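Enquirer: Okay, handing you the structure first.
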Amino acid sequence: MGLLVFVRNLLLALCLLLVLGFLYYSAWKLHLLQWEDSDSLLLSLDSAGQALGTEYDRLGFLLKLDSKLFSKPAPMFLDDSFRKWARIREFVPPFGIKGQDNLIKAILSVTKEYRLTPALDSLHCRRCIIVGNGGVLANKSLGSRIDDYDIVVRLNSAPVKGFERDVGSKTTLRITYPEGAMQRPEQYERDSLFVLAGFKWQDFKWLKYIVYKERVPLPSKAKFRQYQVDSKQERRQKSGSEAQSASDGFWKSVATRVPKEPPEIRILNPYFIQEAAFTLIGLPFNNGLMGRGNIPTLGSVAVTMALHGCDEVAVAGFGYDMNTPNAPLHYYETVRMAAIQESWTHNIQREKEFLRKLVKARVITDLSSGI
């Protein structure tokens, strides 16, 4: 009799777990359906690329900022329904996925994971911090405060080992593009997710090689030099028919191996690049194409992502003081602040104004006081 009661209770418990799991999954899919086909929520832009409506000032910045900026949070990562996502399907990289369907489908067919970890997904209140690479982080001893957050986002190849006292030791997401990715496998954190931010079609091609563990074609030094020359002349973005191989378009060497299994790899939703550029910062629209001064930094893109997916957002290591050209640009090297003036893709001043608005309105917290 006791065995029958035990079996009955066990079956009831399993049924309850299945019901809860189904409800959780259904809620997630419903959220995606609400977001992906909301054509009425597409960006409304004038000819100069500024967002229309009384909620924006003449420069394109949001007039009112609060912790509830987004009523329908966008998914952090692309999943197998990405082709239906109205907000990104009509834009080419970096602002969308137009022309990349087959590459993305091939990648997702192997990675098969589209969310954070189950533990993080189940949190009722997600506290996130974006750790920038700025020299302002040095000697601040913020490591323990950074590690206290649920989600710690790091950018590109910024190292952790040896800098734990200032930058912490915990990494949840490492967001990067091919040129910014760590090139030595031993540098990667064991428990972090690798997230690609695709700024050009070659980036998705590169990730396909990485996921399938295939050889990455390496460009010659001559190609690197030519690409840099083209960049300074404000090169036009090459179409897929003009590009000759996956190595064309990389402006420096890229990683040939990422020591992560496919389920540990994600593709960042490019809507965050689009929204950061045109809606929040107010950069030139340029017909939805990459052009001089209309690419947000990866830091601002990560902040935009966090505003959608986190209940509390903080930053550390943000802020470039262009008035101190001899100050260290990054916390881990001796490159000086003056080097960033050579960038043709970003508008540092506009981004600083945007981030200052977020801090002033207490939408985000700046732990290192660099903004």
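Letters A, B, ... go to the chains of the structure tokens in the order shown; residues in each chain start at 1; ligands are counted from 1 in the same order.
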Using only C-alpha atoms, which protein or nucleic acid residues come within 12 Å of Ala306 in chain A? Drop anything in the same chain fewer than 4 positions from it, and give the result as an mmCIF file with C-alpha atoms, in the first residue's frame.

Expert:
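Written output follows (out10.cif):
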```
data_model
loop_
_atom_site.group_PDB
_atom_site.id
_atom_site.type_symbol
_atom_site.label_atom_id
_atom_site.label_comp_id
_atom_site.auth_asym_id
_atom_site.auth_seq_id
_atom_site.Cartn_x
_atom_site.Cartn_y
_atom_site.Cartn_z
ATOM 1 C CA SER A 67 13.625 51.908 -15.762
ATOM 2 C CA LYS A 68 10.700 50.757 -17.946
ATOM 3 C CA LEU A 69 11.978 51.929 -21.330
ATOM 4 C CA PHE A 70 10.696 48.884 -23.169
ATOM 5 C CA PRO A 73 11.599 43.247 -24.311
ATOM 6 C CA ALA A 74 13.428 41.962 -27.360
ATOM 7 C CA PRO A 75 14.979 38.480 -27.239
ATOM 8 C CA MET A 76 18.672 38.600 -26.385
ATOM 9 C CA PHE A 77 19.711 36.048 -28.992
ATOM 10 C CA ARG A 126 17.979 39.977 -12.949
ATOM 11 C CA ARG A 127 20.845 42.263 -11.932
ATOM 12 C CA CYS A 128 23.251 42.842 -14.822
ATOM 13 C CA ILE A 129 26.508 44.707 -15.234
ATOM 14 C CA ILE A 130 28.343 45.566 -18.444
ATOM 15 C CA VAL A 131 32.085 45.712 -17.831
ATOM 16 C CA ASP A 150 23.743 37.911 -11.577
ATOM 17 C CA ILE A 151 24.939 38.533 -15.125
ATOM 18 C CA VAL A 152 28.406 39.911 -15.859
ATOM 19 C CA VAL A 153 28.914 40.922 -19.485
ATOM 20 C CA LEU A 173 28.503 36.554 -21.414
ATOM 21 C CA LEU A 268 23.247 38.568 -30.429
ATOM 22 C CA ASN A 269 19.955 39.962 -31.690
ATOM 23 C CA PHE A 272 20.142 46.040 -30.290
ATOM 24 C CA ALA A 276 21.237 51.785 -30.022
ATOM 25 C CA GLY A 299 29.506 48.798 -25.013
ATOM 26 C CA SER A 300 26.426 50.826 -25.947
ATOM 27 C CA VAL A 301 24.989 47.815 -27.776
ATOM 28 C CA ALA A 302 25.455 45.678 -24.651
ATOM 29 C CA CYS A 310 17.511 42.962 -17.034
ATOM 30 C CA ASP A 311 15.685 44.514 -14.108
ATOM 31 C CA GLU A 312 18.739 46.377 -12.866
ATOM 32 C CA VAL A 313 21.601 47.564 -15.075
ATOM 33 C CA ALA A 314 25.029 48.828 -14.069
ATOM 34 C CA VAL A 315 28.186 49.621 -15.983
ATOM 35 C CA VAL A 363 18.263 54.077 -15.499
ATOM 36 C CA ILE A 364 21.780 52.672 -15.136
#
```

Enquirer: As a list in words, list the residues of range 82-222 of chain A assigned to strand (DSSP E or B) by DSSP on the backbone atoms of this structure.

Expert: Arg127, Cys128, Ile129, Ile130, Val131, Gly134, Ile151, Val152, Val153, Arg154, Leu155, Leu173, Arg174, Ile175, Thr176, Leu193, Phe194, Val195 and Leu196 of chain A

Enquirer: Please report as a Markdown table every residue of range 267-321 of chain A lying within 8 Å of range 133-146 of chain A, along with the nearest atom pair and their distance in Å (one decimal), using only C-alpha atoms.

Expert:
```
| residue | atom | partner | partner_atom | distance |
| --- | --- | --- | --- | --- |
| A:Ala316 | CA | A:Leu137 | CA | 6.9 |
| A:Gly317 | CA | A:Gly134 | CA | 4.6 |
| A:Phe318 | CA | A:Gly134 | CA | 5.7 |
| A:Gly319 | CA | A:Gly134 | CA | 6.7 |
| A:Tyr320 | CA | A:Gly134 | CA | 7.2 |
```

Enquirer: Let's have the selection written as an mmCIF file, in the first residue's frame, with C-alpha atoms.

Expert:
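File produced: part_3.cif:
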```cif
data_model
loop_
_atom_site.group_PDB
_atom_site.id
_atom_site.type_symbol
_atom_site.label_atom_id
_atom_site.label_comp_id
_atom_site.auth_asym_id
_atom_site.auth_seq_id
_atom_site.Cartn_x
_atom_site.Cartn_y
_atom_site.Cartn_z
ATOM 1 C CA ALA A 316 31.858 49.838 -15.059
ATOM 2 C CA GLY A 317 34.842 50.782 -17.171
ATOM 3 C CA PHE A 318 32.849 53.132 -19.418
ATOM 4 C CA GLY A 319 33.904 56.618 -20.419
ATOM 5 C CA TYR A 320 36.545 58.090 -22.703
#
```

Enquirer: Using Å and a single decimal, report how far CA of Met322 in chain A sits from CA of Tyr177 in chain A.

Expert: 25.0 Å

Enquirer: CA of Glu353 in chain A and CA of Pro296 in chain A, how far apart in Å?

Expert: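 Computed distance, CA of Pro296 in chain A to CA of Glu353 in chain A, equals 12.8 Å.
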
Enquirer: What does the distance between CA of Ala338 in chain A and CA of Met305 in chain A come to in Å, to one decimal place?

Expert: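 So the two atoms, CA of Ala338 in chain A and CA of Met305 in chain A, lie 28.5 Å apart.
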
Enquirer: Quick one: residues within 8 Å of range 193-210 of chain A, only C-alpha atoms, excluding same-chain residues fewer than 2 positions away - as a ChimeraX atom specification?

Expert: /A:93-95,100,103-104,106-107,172-178,191,212-216,240,246-250,256-258,260,264-270

Enquirer: As a list in words, please: every residue in range 66-139 of chain A that a backbone DSSP assignment puts in helix (DSSP H, G or I).

Expert: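 Of range 66-139 of chain A, the ones in helix (DSSP H, G or I) are Phe82, Arg83, Lys84, Ala86, Arg87, Ile88, Arg89, Asp101, Asn102, Leu103, Ile104, Lys105, Ala106, Ile107, Leu108, Ser109, Val110, Thr111, Pro118, Ala119, Leu120, Asp121, Gly135, Val136 and Leu137 of chain A.
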
Enquirer: Could you check which of A:Leu155, A:Ala255, A:Met182, A:Ile348 is closest to Val303 in chain A, using only C-alpha atoms?

Expert: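 Residue with the minimum atom-to-atom distance to Val303 in chain A: A:Leu155.
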